[in-house]
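Visitor: Structure file data.csv (CSV, C-alpha atoms) is given on the next line.
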```
chain,number,residue,atom,x,y,z
A,1,MET,CA,-21.3,-0.1,1.0
A,2,ILE,CA,-19.9,-3.5,0.1
A,3,ASN,CA,-20.9,-4.5,-3.4
A,4,TRP,CA,-19.3,-6.1,-6.5
A,5,ALA,CA,-18.1,-2.8,-7.8
A,6,ASN,CA,-16.3,-1.9,-4.6
A,7,PHE,CA,-14.9,-5.5,-4.3
A,8,ILE,CA,-13.4,-5.3,-7.8
A,9,SER,CA,-12.1,-1.9,-7.1
A,10,GLN,CA,-10.4,-3.1,-4.0
A,11,CYS,CA,-8.9,-6.1,-5.9
A,12,PHE,CA,-7.4,-3.6,-8.3
A,13,ASN,CA,-6.0,-1.6,-5.4
A,14,GLY,CA,-4.6,-4.8,-3.9
A,15,LEU,CA,-3.0,-5.6,-7.2
A,16,VAL,CA,-1.3,-2.2,-7.4
A,17,LEU,CA,-0.2,-2.4,-3.8
A,18,GLY,CA,1.0,-5.9,-4.2
A,19,ALA,CA,3.1,-5.1,-7.2
A,20,LEU,CA,4.7,-2.2,-5.3
A,21,LEU,CA,5.4,-4.5,-2.3
A,22,ALA,CA,6.8,-7.1,-4.7
A,23,LEU,CA,9.3,-4.5,-6.1
A,24,ILE,CA,10.4,-3.3,-2.7
A,25,SER,CA,10.7,-6.9,-1.4
A,26,SER,CA,12.6,-8.0,-4.4
A,27,GLY,CA,15.3,-5.5,-3.5
A,28,LEU,CA,15.4,-6.7,0.1
A,29,THR,CA,15.4,-10.4,-0.8
A,30,ILE,CA,18.2,-9.9,-3.4
A,31,ILE,CA,20.4,-8.2,-0.7
A,32,TYR,CA,19.7,-10.8,1.9
A,33,GLY,CA,20.0,-13.7,-0.5
A,34,THR,CA,23.4,-12.6,-1.8
A,35,LEU,CA,25.0,-10.8,1.1
A,36,GLY,CA,23.2,-12.4,4.0
A,37,VAL,CA,22.4,-9.0,5.4
A,38,LEU,CA,18.9,-8.3,6.7
A,39,ASN,CA,18.7,-4.6,5.8
A,40,LEU,CA,16.4,-2.8,8.3
A,41,ALA,CA,17.2,0.5,6.5
A,42,HIS,CA,15.3,-0.7,3.4
A,43,GLY,CA,12.1,1.2,4.4
A,44,ALA,CA,14.2,4.4,5.0
A,45,MET,CA,15.6,3.9,1.5
A,46,PHE,CA,12.1,3.8,0.1
A,47,MET,CA,11.5,7.1,1.9
A,48,LEU,CA,14.8,8.6,0.5
A,49,GLY,CA,13.7,7.8,-3.0
A,50,GLY,CA,10.5,9.7,-2.5
A,51,TYR,CA,12.2,12.8,-1.1
A,52,ALA,CA,15.0,12.8,-3.7
A,53,GLY,CA,12.4,12.6,-6.4
A,54,TRP,CA,10.3,15.3,-4.8
A,55,LEU,CA,13.4,17.6,-4.6
A,56,ALA,CA,14.2,17.0,-8.3
A,57,TYR,CA,10.6,17.6,-9.3
A,58,THR,CA,10.6,20.9,-7.3
A,59,TYR,CA,13.5,22.2,-9.4
A,60,THR,CA,12.7,20.7,-12.8
A,61,GLY,CA,8.9,20.1,-12.9
A,62,SER,CA,9.6,16.8,-14.7
A,63,PHE,CA,8.2,13.6,-13.3
A,64,LEU,CA,10.7,11.6,-15.3
A,65,ALA,CA,13.6,13.6,-13.8
A,66,ALA,CA,12.1,12.9,-10.4
A,67,VAL,CA,12.0,9.1,-11.0
A,68,ALA,CA,15.5,9.1,-12.3
A,69,ALA,CA,16.8,11.2,-9.4
A,70,GLY,CA,15.0,9.2,-6.8
A,71,SER,CA,16.3,5.9,-8.2
A,72,LEU,CA,19.9,6.9,-8.8
A,73,PHE,CA,20.3,8.8,-5.5
A,74,VAL,CA,19.3,5.8,-3.5
A,75,MET,CA,21.4,3.5,-5.6
A,76,ILE,CA,24.4,5.8,-4.8
A,77,VAL,CA,23.5,5.8,-1.1
A,78,GLY,CA,23.3,2.0,-1.2
A,79,VAL,CA,26.7,1.7,-2.8
A,80,LEU,CA,28.3,4.1,-0.4
A,81,ILE,CA,27.0,2.5,2.8
A,82,GLU,CA,27.9,-0.9,1.5
A,83,ARG,CA,31.5,0.1,0.8
A,84,LEU,CA,31.9,2.2,3.9
A,85,ILE,CA,29.9,0.3,6.5
A,86,ILE,CA,28.1,-2.9,5.5
A,87,ARG,CA,31.0,-4.8,4.1
A,88,HIS,CA,32.6,-4.7,7.6
A,89,PHE,CA,29.7,-6.7,9.0
A,90,TYR,CA,29.5,-9.6,6.6
A,91,THR,CA,31.4,-11.8,9.1
A,92,ARG,CA,29.9,-10.3,12.2
A,93,PRO,CA,26.9,-11.9,14.0
A,94,LEU,CA,23.4,-11.3,12.7
A,95,GLU,CA,22.6,-9.1,15.7
A,96,ASP,CA,25.3,-6.7,14.7
A,97,GLN,CA,24.0,-6.4,11.2
A,98,LEU,CA,20.5,-5.8,12.5
A,99,LEU,CA,21.7,-3.1,14.8
A,100,VAL,CA,23.8,-1.2,12.2
A,101,THR,CA,21.1,-1.3,9.5
A,102,PHE,CA,18.5,-0.2,12.1
A,103,GLY,CA,20.7,2.6,13.1
A,104,LEU,CA,21.3,3.7,9.5
A,105,GLY,CA,17.5,3.8,9.0
A,106,ILE,CA,17.1,6.1,12.0
A,107,VAL,CA,19.9,8.3,10.7
A,108,PHE,CA,18.3,8.6,7.3
A,109,VAL,CA,14.9,9.4,8.8
A,110,GLU,CA,16.1,12.0,11.2
A,111,THR,CA,18.4,13.6,8.6
A,112,VAL,CA,15.4,14.1,6.3
A,113,ARG,CA,13.3,15.4,9.2
A,114,PHE,CA,16.0,17.9,10.1
A,115,PHE,CA,16.3,19.3,6.6
A,116,PHE,CA,12.7,19.0,5.3
A,117,GLY,CA,10.6,18.9,8.5
A,118,SER,CA,7.8,16.5,9.4
A,119,LEU,CA,5.2,17.8,7.0
A,120,SER,CA,4.2,15.5,4.2
A,121,ARG,CA,5.1,16.3,0.6
A,122,THR,CA,3.4,15.4,-2.6
A,123,VAL,CA,4.5,14.7,-6.1
A,124,PRO,CA,1.8,15.1,-8.8
A,125,PRO,CA,1.6,12.5,-11.5
A,126,PRO,CA,2.4,13.5,-15.1
A,127,ALA,CA,-0.4,15.5,-16.8
A,128,SER,CA,-1.2,12.7,-19.2
A,129,LEU,CA,-1.9,10.3,-16.3
A,130,VAL,CA,-4.2,12.6,-14.3
A,131,GLY,CA,-7.9,11.7,-14.1
A,132,ILE,CA,-9.8,8.4,-14.3
A,133,THR,CA,-10.0,5.7,-16.9
A,134,HIS,CA,-13.3,3.9,-17.9
A,135,LEU,CA,-12.7,0.1,-18.0
A,136,GLY,CA,-16.2,-0.8,-19.0
A,137,PHE,CA,-17.1,-2.4,-15.7
A,138,MET,CA,-15.7,0.3,-13.5
A,139,VAL,CA,-13.7,3.6,-13.5
A,140,TYR,CA,-10.3,3.7,-12.0
A,141,PRO,CA,-7.6,6.3,-11.4
A,142,THR,CA,-5.4,6.5,-14.5
A,143,TYR,CA,-2.1,6.9,-12.6
A,144,ARG,CA,-2.8,3.8,-10.5
A,145,LEU,CA,-3.3,1.8,-13.7
A,146,ALA,CA,-0.1,3.3,-15.1
A,147,LEU,CA,1.7,2.5,-11.8
A,148,LEU,CA,0.8,-1.2,-12.2
A,149,GLY,CA,2.4,-1.2,-15.6
A,150,ILE,CA,5.5,0.8,-14.4
A,151,VAL,CA,6.2,-1.6,-11.5
A,152,ALA,CA,5.6,-4.7,-13.7
A,153,LEU,CA,8.1,-3.3,-16.2
A,154,ALA,CA,10.6,-2.7,-13.4
A,155,LEU,CA,10.2,-6.2,-12.1
A,156,LEU,CA,10.6,-7.6,-15.6
A,157,MET,CA,13.9,-5.6,-16.0
A,158,LEU,CA,15.1,-7.0,-12.6
A,159,TYR,CA,14.2,-10.5,-13.8
A,160,VAL,CA,16.2,-10.0,-17.0
A,161,VAL,CA,19.2,-8.7,-15.2
A,162,LEU,CA,19.1,-11.6,-12.7
A,163,TYR,CA,18.3,-14.5,-15.0
A,164,ARG,CA,19.4,-13.5,-18.5
A,165,THR,CA,22.7,-11.7,-18.0
A,166,ARG,CA,26.2,-12.8,-16.9
A,167,ILE,CA,26.1,-10.4,-13.9
A,168,GLY,CA,22.8,-12.1,-12.9
A,169,MET,CA,24.4,-15.5,-13.2
A,170,ILE,CA,27.2,-14.4,-10.9
A,171,VAL,CA,24.8,-12.9,-8.4
A,172,ARG,CA,22.7,-16.1,-8.3
A,173,ALA,CA,25.8,-18.2,-7.9
A,174,GLY,CA,26.9,-15.9,-5.1
A,175,ILE,CA,23.6,-16.5,-3.4
A,176,GLU,CA,24.3,-20.2,-3.4
A,177,ASP,CA,28.0,-20.3,-2.7
A,178,SER,CA,30.0,-17.0,-2.6
A,179,VAL,CA,33.2,-18.9,-1.6
A,180,MET,CA,33.1,-20.9,-4.9
A,181,VAL,CA,32.5,-17.7,-6.9
A,182,ASP,CA,35.5,-16.0,-5.2
A,183,SER,CA,37.6,-19.1,-6.0
A,184,LEU,CA,36.8,-18.7,-9.7
A,185,GLY,CA,38.6,-15.4,-9.7
A,186,ILE,CA,35.5,-13.2,-9.6
A,187,ASP,CA,35.7,-10.2,-7.3
A,188,VAL,CA,32.7,-10.9,-5.1
A,189,HIS,CA,33.1,-7.7,-3.2
A,190,LYS,CA,32.3,-5.7,-6.4
A,191,ILE,CA,29.4,-8.0,-7.0
A,192,PHE,CA,28.2,-7.5,-3.4
A,193,MET,CA,28.5,-3.7,-3.9
A,194,LEU,CA,26.5,-3.9,-7.1
A,195,VAL,CA,23.8,-6.1,-5.6
A,196,PHE,CA,23.3,-3.7,-2.6
A,197,GLY,CA,23.1,-0.8,-5.0
A,198,ILE,CA,20.5,-2.6,-7.1
A,199,GLY,CA,18.5,-3.6,-4.1
A,200,ALA,CA,18.5,0.0,-2.7
A,201,MET,CA,17.6,1.4,-6.1
A,202,ALA,CA,14.5,-0.9,-6.2
A,203,ALA,CA,13.3,0.7,-3.0
A,204,GLY,CA,14.1,4.2,-4.1
A,205,PHE,CA,12.3,3.7,-7.4
A,206,ALA,CA,9.3,2.4,-5.6
A,207,GLY,CA,9.4,5.4,-3.2
A,208,ILE,CA,9.1,8.0,-6.0
A,209,VAL,CA,6.7,6.2,-8.3
A,210,ASN,CA,4.4,5.7,-5.3
A,211,ALA,CA,4.6,9.4,-4.3
A,212,PRO,CA,1.6,10.5,-6.4
A,213,VAL,CA,-0.5,7.9,-4.6
A,214,VAL,CA,0.6,8.3,-1.0
A,215,SER,CA,2.2,11.5,0.2
A,216,ILE,CA,5.8,11.5,1.4
A,217,ALA,CA,6.8,11.9,5.1
A,218,PRO,CA,9.9,11.0,7.0
A,219,ASP,CA,8.3,8.0,8.7
A,220,VAL,CA,6.6,6.6,5.5
A,221,GLY,CA,9.1,3.8,5.3
A,222,GLU,CA,8.2,2.3,8.7
A,223,ALA,CA,4.9,0.6,7.6
A,224,ILE,CA,6.4,-0.4,4.3
A,225,LEU,CA,9.3,-2.1,6.0
A,226,VAL,CA,7.0,-4.2,8.1
A,227,GLN,CA,4.9,-5.2,5.1
A,228,THR,CA,8.0,-6.0,3.1
A,229,PHE,CA,9.4,-8.4,5.7
A,230,VAL,CA,6.0,-10.2,5.8
A,231,VAL,CA,6.1,-10.5,2.0
A,232,VAL,CA,9.7,-11.9,2.1
A,233,VAL,CA,8.6,-14.5,4.8
A,234,ILE,CA,5.5,-15.5,2.8
A,235,GLY,CA,7.3,-15.7,-0.6
A,236,GLY,CA,10.5,-17.3,0.7
A,237,VAL,CA,13.8,-15.7,1.8
A,238,GLY,CA,16.1,-15.2,-1.1
A,239,SER,CA,13.5,-16.1,-3.8
A,240,PHE,CA,12.8,-13.4,-6.4
A,241,PRO,CA,9.7,-15.2,-7.7
A,242,GLY,CA,8.7,-15.6,-4.1
A,243,ALA,CA,8.9,-11.8,-3.5
A,244,ILE,CA,6.5,-11.2,-6.4
A,245,LEU,CA,4.0,-13.9,-5.3
A,246,GLY,CA,4.2,-12.8,-1.7
A,247,GLY,CA,3.8,-9.2,-2.6
A,248,LEU,CA,0.6,-9.9,-4.6
A,249,ILE,CA,-0.8,-12.0,-1.8
A,250,ALA,CA,-0.1,-9.4,0.8
A,251,GLY,CA,-1.5,-6.6,-1.3
A,252,GLU,CA,-4.8,-8.4,-1.8
A,253,ILE,CA,-5.1,-9.3,1.8
A,254,ILE,CA,-4.5,-5.7,3.0
A,255,SER,CA,-6.9,-4.2,0.4
A,256,ILE,CA,-9.8,-6.7,0.6
A,257,THR,CA,-9.7,-6.8,4.5
A,258,SER,CA,-9.7,-2.9,4.5
A,259,MET,CA,-13.0,-3.0,2.6
A,260,PHE,CA,-14.6,-4.8,5.6
A,261,ASN,CA,-12.6,-3.4,8.5
A,262,PRO,CA,-9.4,-1.4,8.0
A,263,GLY,CA,-8.3,-2.1,11.5
A,264,TYR,CA,-7.9,-5.8,10.8
A,265,SER,CA,-5.9,-5.5,7.6
A,266,TYR,CA,-2.5,-6.0,9.3
A,267,VAL,CA,-4.0,-8.6,11.6
A,268,MET,CA,-5.0,-10.7,8.6
A,269,LEU,CA,-1.6,-10.1,7.0
A,270,PHE,CA,0.2,-11.5,10.0
A,271,VAL,CA,-2.3,-14.4,10.2
A,272,ALA,CA,-1.4,-15.3,6.6
A,273,MET,CA,2.3,-15.1,7.5
A,274,THR,CA,1.8,-17.3,10.6
A,275,LEU,CA,0.0,-19.9,8.5
A,276,VAL,CA,2.8,-20.0,6.0
A,277,LEU,CA,5.4,-20.4,8.7
A,278,VAL,CA,3.5,-23.3,10.2
A,279,LEU,CA,2.7,-25.1,7.0
A,280,ARG,CA,5.8,-24.2,4.9
A,281,PRO,CA,8.5,-22.6,7.1
A,282,HIS,CA,10.8,-21.7,4.2
A,283,GLY,CA,8.1,-19.8,2.4
A,284,LEU,CA,5.9,-20.6,-0.6
A,285,LEU,CA,8.7,-20.5,-3.1
A,286,GLY,CA,11.7,-20.6,-0.8
A,287,THR,CA,14.1,-23.5,-0.5
A,288,ALA,CA,14.3,-25.6,2.6
A,289,GLY,CA,18.0,-25.2,2.9
A,290,ARG,CA,17.9,-21.4,3.3
A,291,GLU,CA,17.8,-19.8,6.8
```
Give the structure from the file, written as structure tokens.

Guide:
Amino acid sequence: MINWANFISQCFNGLVLGALLALISSGLTIIYGTLGVLNLAHGAMFMLGGYAGWLAYTYTGSFLAAVAAGSLFVMIVGVLIERLIIRHFYTRPLEDQLLVTFGLGIVFVETVRFFFGSLSRTVPPPASLVGITHLGFMVYPTYRLALLGIVALALLMLYVVLYRTRIGMIVRAGIEDSVMVDSLGIDVHKIFMLVFGIGAMAAGFAGIVNAPVVSIAPDVGEAILVQTFVVVVIGGVGSFPGAILGGLIAGEIISITSMFNPGYSYVMLFVAMTLVLVLRPHGLLGTAGRE
């Protein structure tokens, strides 16, 4: 039934999904904005974070250990592939970058499938976050409310790193003019490695904190990758605030449309993206000079 209670509940669902998409998209837009690399393996990194966290939870029984393991593992993977593979493609055509990151994503997915199979895995939430919470006007799963706060805190930390630290200043300067940053004596290659690691970690962190909501499977990153690219287009390529705004918009579109007809949720998402491209080609908060 469609009523006000269901509508408000779906709005909350959209807010949680939107915050999660904003976190994943922020990692993707940071990587593209700084390095100019469109990382098609980003969805696979989301999946890797979930599996690394699940493995840690299996051995420790600690959700905090799972979150730490999922985030750090994907960050290390990101640093390694940047140093070993990606940095050789900075000056190559965009098509080469797309192909190599797409291939890396396939390698990650099939490696996980080889070792863990295709069956989905679940990570239970902490005992203190199990159950429902009465909000007065509705009841809502406790962990979903906590997830909203967790993701908001992670986005705040990313904002502080990018806009309130020297490293963030260098990263933002590298986004605008990496040649000038290099001319000032700053090793841009180390900055690029750090940026790729942070962007990958954002995806891995999102993958494990979302595991109690949606079960983990090798192909779980495919749908997330599509949604993430739509978010980046809506918000504006290379814009961190745009990733947050785009994520919230996309989350609400998917959630509210699903209440009426789940089959049209993606249709409406792409309709919104098309409208943005027609009316404001560089995105809602993007800059006109950025490709």

Visitor: Skip Gln10 of chain A itself and residues of its chain fewer than 4 positions away, then list as a list in words all residues within 12 Å of it, counting all atoms listed in the file.

Guide: Ile2, Asn3, Trp4, Ala5, Asn6, Gly14, Leu15, Val16, Leu17, Gly18, Met138, Tyr140, Gly251, Glu252, Ile253, Ile254, Ser255, Ile256, Thr257, Ser258, Met259 and Phe260 of chain A

Visitor: Enter the distance from atom CA of Phe196 of chain A to atom CA of Tyr32 of chain A, in Å, rounded to one decimal.

Guide: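 So the answer is 9.1 Å.
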
Visitor: Between atom CA of Pro93 of chain A and atom CA of His282 of chain A, what distance in Å does the model show, to one decimal?

Guide: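 Straight-line distance from atom CA of Pro93 of chain A to atom CA of His282 of chain A works out to 21.2 Å.
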
Visitor: Using all atoms listed in the file, which of the listed residues (A:Leu98, A:Ile132, A:Ala272, A:Met193) sits closest to Leu84 of chain A?

Guide: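 Distance minimum relative to Leu84 of chain A lands on A:Met193.
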
Visitor: In Å to one decimal, how far is atom CA of Val237 of chain A from atom CA of Val267 of chain A?

Guide: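 Separation of atom CA of Val267 of chain A and atom CA of Val237 of chain A: 21.5 Å.
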
Visitor: Calculated over all atoms listed in the file, which of the candidates A:Val181, A:Val195, A:Leu38, A:Ile106 has the smallest distance to Glu82 of chain A?

Guide: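 Smallest separation from Glu82 of chain A among the options: A:Val195.
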
Visitor: Taking all atoms listed in the file into account, which of A:Pro126, A:Gly197, A:Gly283, A:Pro241 comes nearest Phe229 of chain A?

Guide: A:Gly283

Visitor: Considering all atoms listed in the file, can you say which of A:Ala146, A:Ala202, A:Ala173, A:Leu155 comes closest to Gly50 of chain A?

Guide: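 Smallest distance to Gly50 of chain A is found for A:Ala202.
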
Visitor: Which neighbours of segment 57-73 of chain A fall inside 9 Å, counting all atoms listed in the file, when residues of the same chain fewer than 5 positions from it are skipped, and could you give them as an mmCIF file with C-alpha atoms, keeping the file's coordinate frame?

Guide:
```cif
data_model
loop_
_atom_site.group_PDB
_atom_site.id
_atom_site.type_symbol
_atom_site.label_atom_id
_atom_site.label_comp_id
_atom_site.auth_asym_id
_atom_site.auth_seq_id
_atom_site.Cartn_x
_atom_site.Cartn_y
_atom_site.Cartn_z
ATOM 1 C CA LEU A 48 14.800 8.600 0.500
ATOM 2 C CA GLY A 49 13.700 7.800 -3.000
ATOM 3 C CA GLY A 50 10.500 9.700 -2.500
ATOM 4 C CA TYR A 51 12.200 12.800 -1.100
ATOM 5 C CA ALA A 52 15.000 12.800 -3.700
ATOM 6 C CA GLY A 78 23.300 2.000 -1.200
ATOM 7 C CA VAL A 123 4.500 14.700 -6.100
ATOM 8 C CA PRO A 124 1.800 15.100 -8.800
ATOM 9 C CA PRO A 125 1.600 12.500 -11.500
ATOM 10 C CA PRO A 126 2.400 13.500 -15.100
ATOM 11 C CA ALA A 200 18.500 0.000 -2.700
ATOM 12 C CA MET A 201 17.600 1.400 -6.100
ATOM 13 C CA ALA A 202 14.500 -0.900 -6.200
ATOM 14 C CA ALA A 203 13.300 0.700 -3.000
ATOM 15 C CA GLY A 204 14.100 4.200 -4.100
ATOM 16 C CA PHE A 205 12.300 3.700 -7.400
ATOM 17 C CA ALA A 206 9.300 2.400 -5.600
ATOM 18 C CA GLY A 207 9.400 5.400 -3.200
ATOM 19 C CA ILE A 208 9.100 8.000 -6.000
ATOM 20 C CA VAL A 209 6.700 6.200 -8.300
#
```

Visitor: Taking all atoms listed in the file into account, name the residue in A:Thr122, A:Val37, A:Leu23, A:Leu275 that is nearest to Ala211 of chain A.

Guide: A:Thr122

Visitor: For Leu119 of chain A, which residue among A:Ile249, A:Val230, A:Ile216, A:Leu145 is the nearest when counting only C-alpha atoms?

Guide: A:Ile216

Visitor: Quick one: residues within 10 Å of segment 159-163 of chain A, only C-alpha atoms, excluding same-chain residues fewer than 4 positions away - as a list in words?

Guide: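 Here the qualifying residues turn out to be Ser26, Ile30, Leu153, Ala154, Leu155, Ile167, Gly168, Met169, Ile170, Val171, Arg172, Phe240 and Pro241 of chain A.
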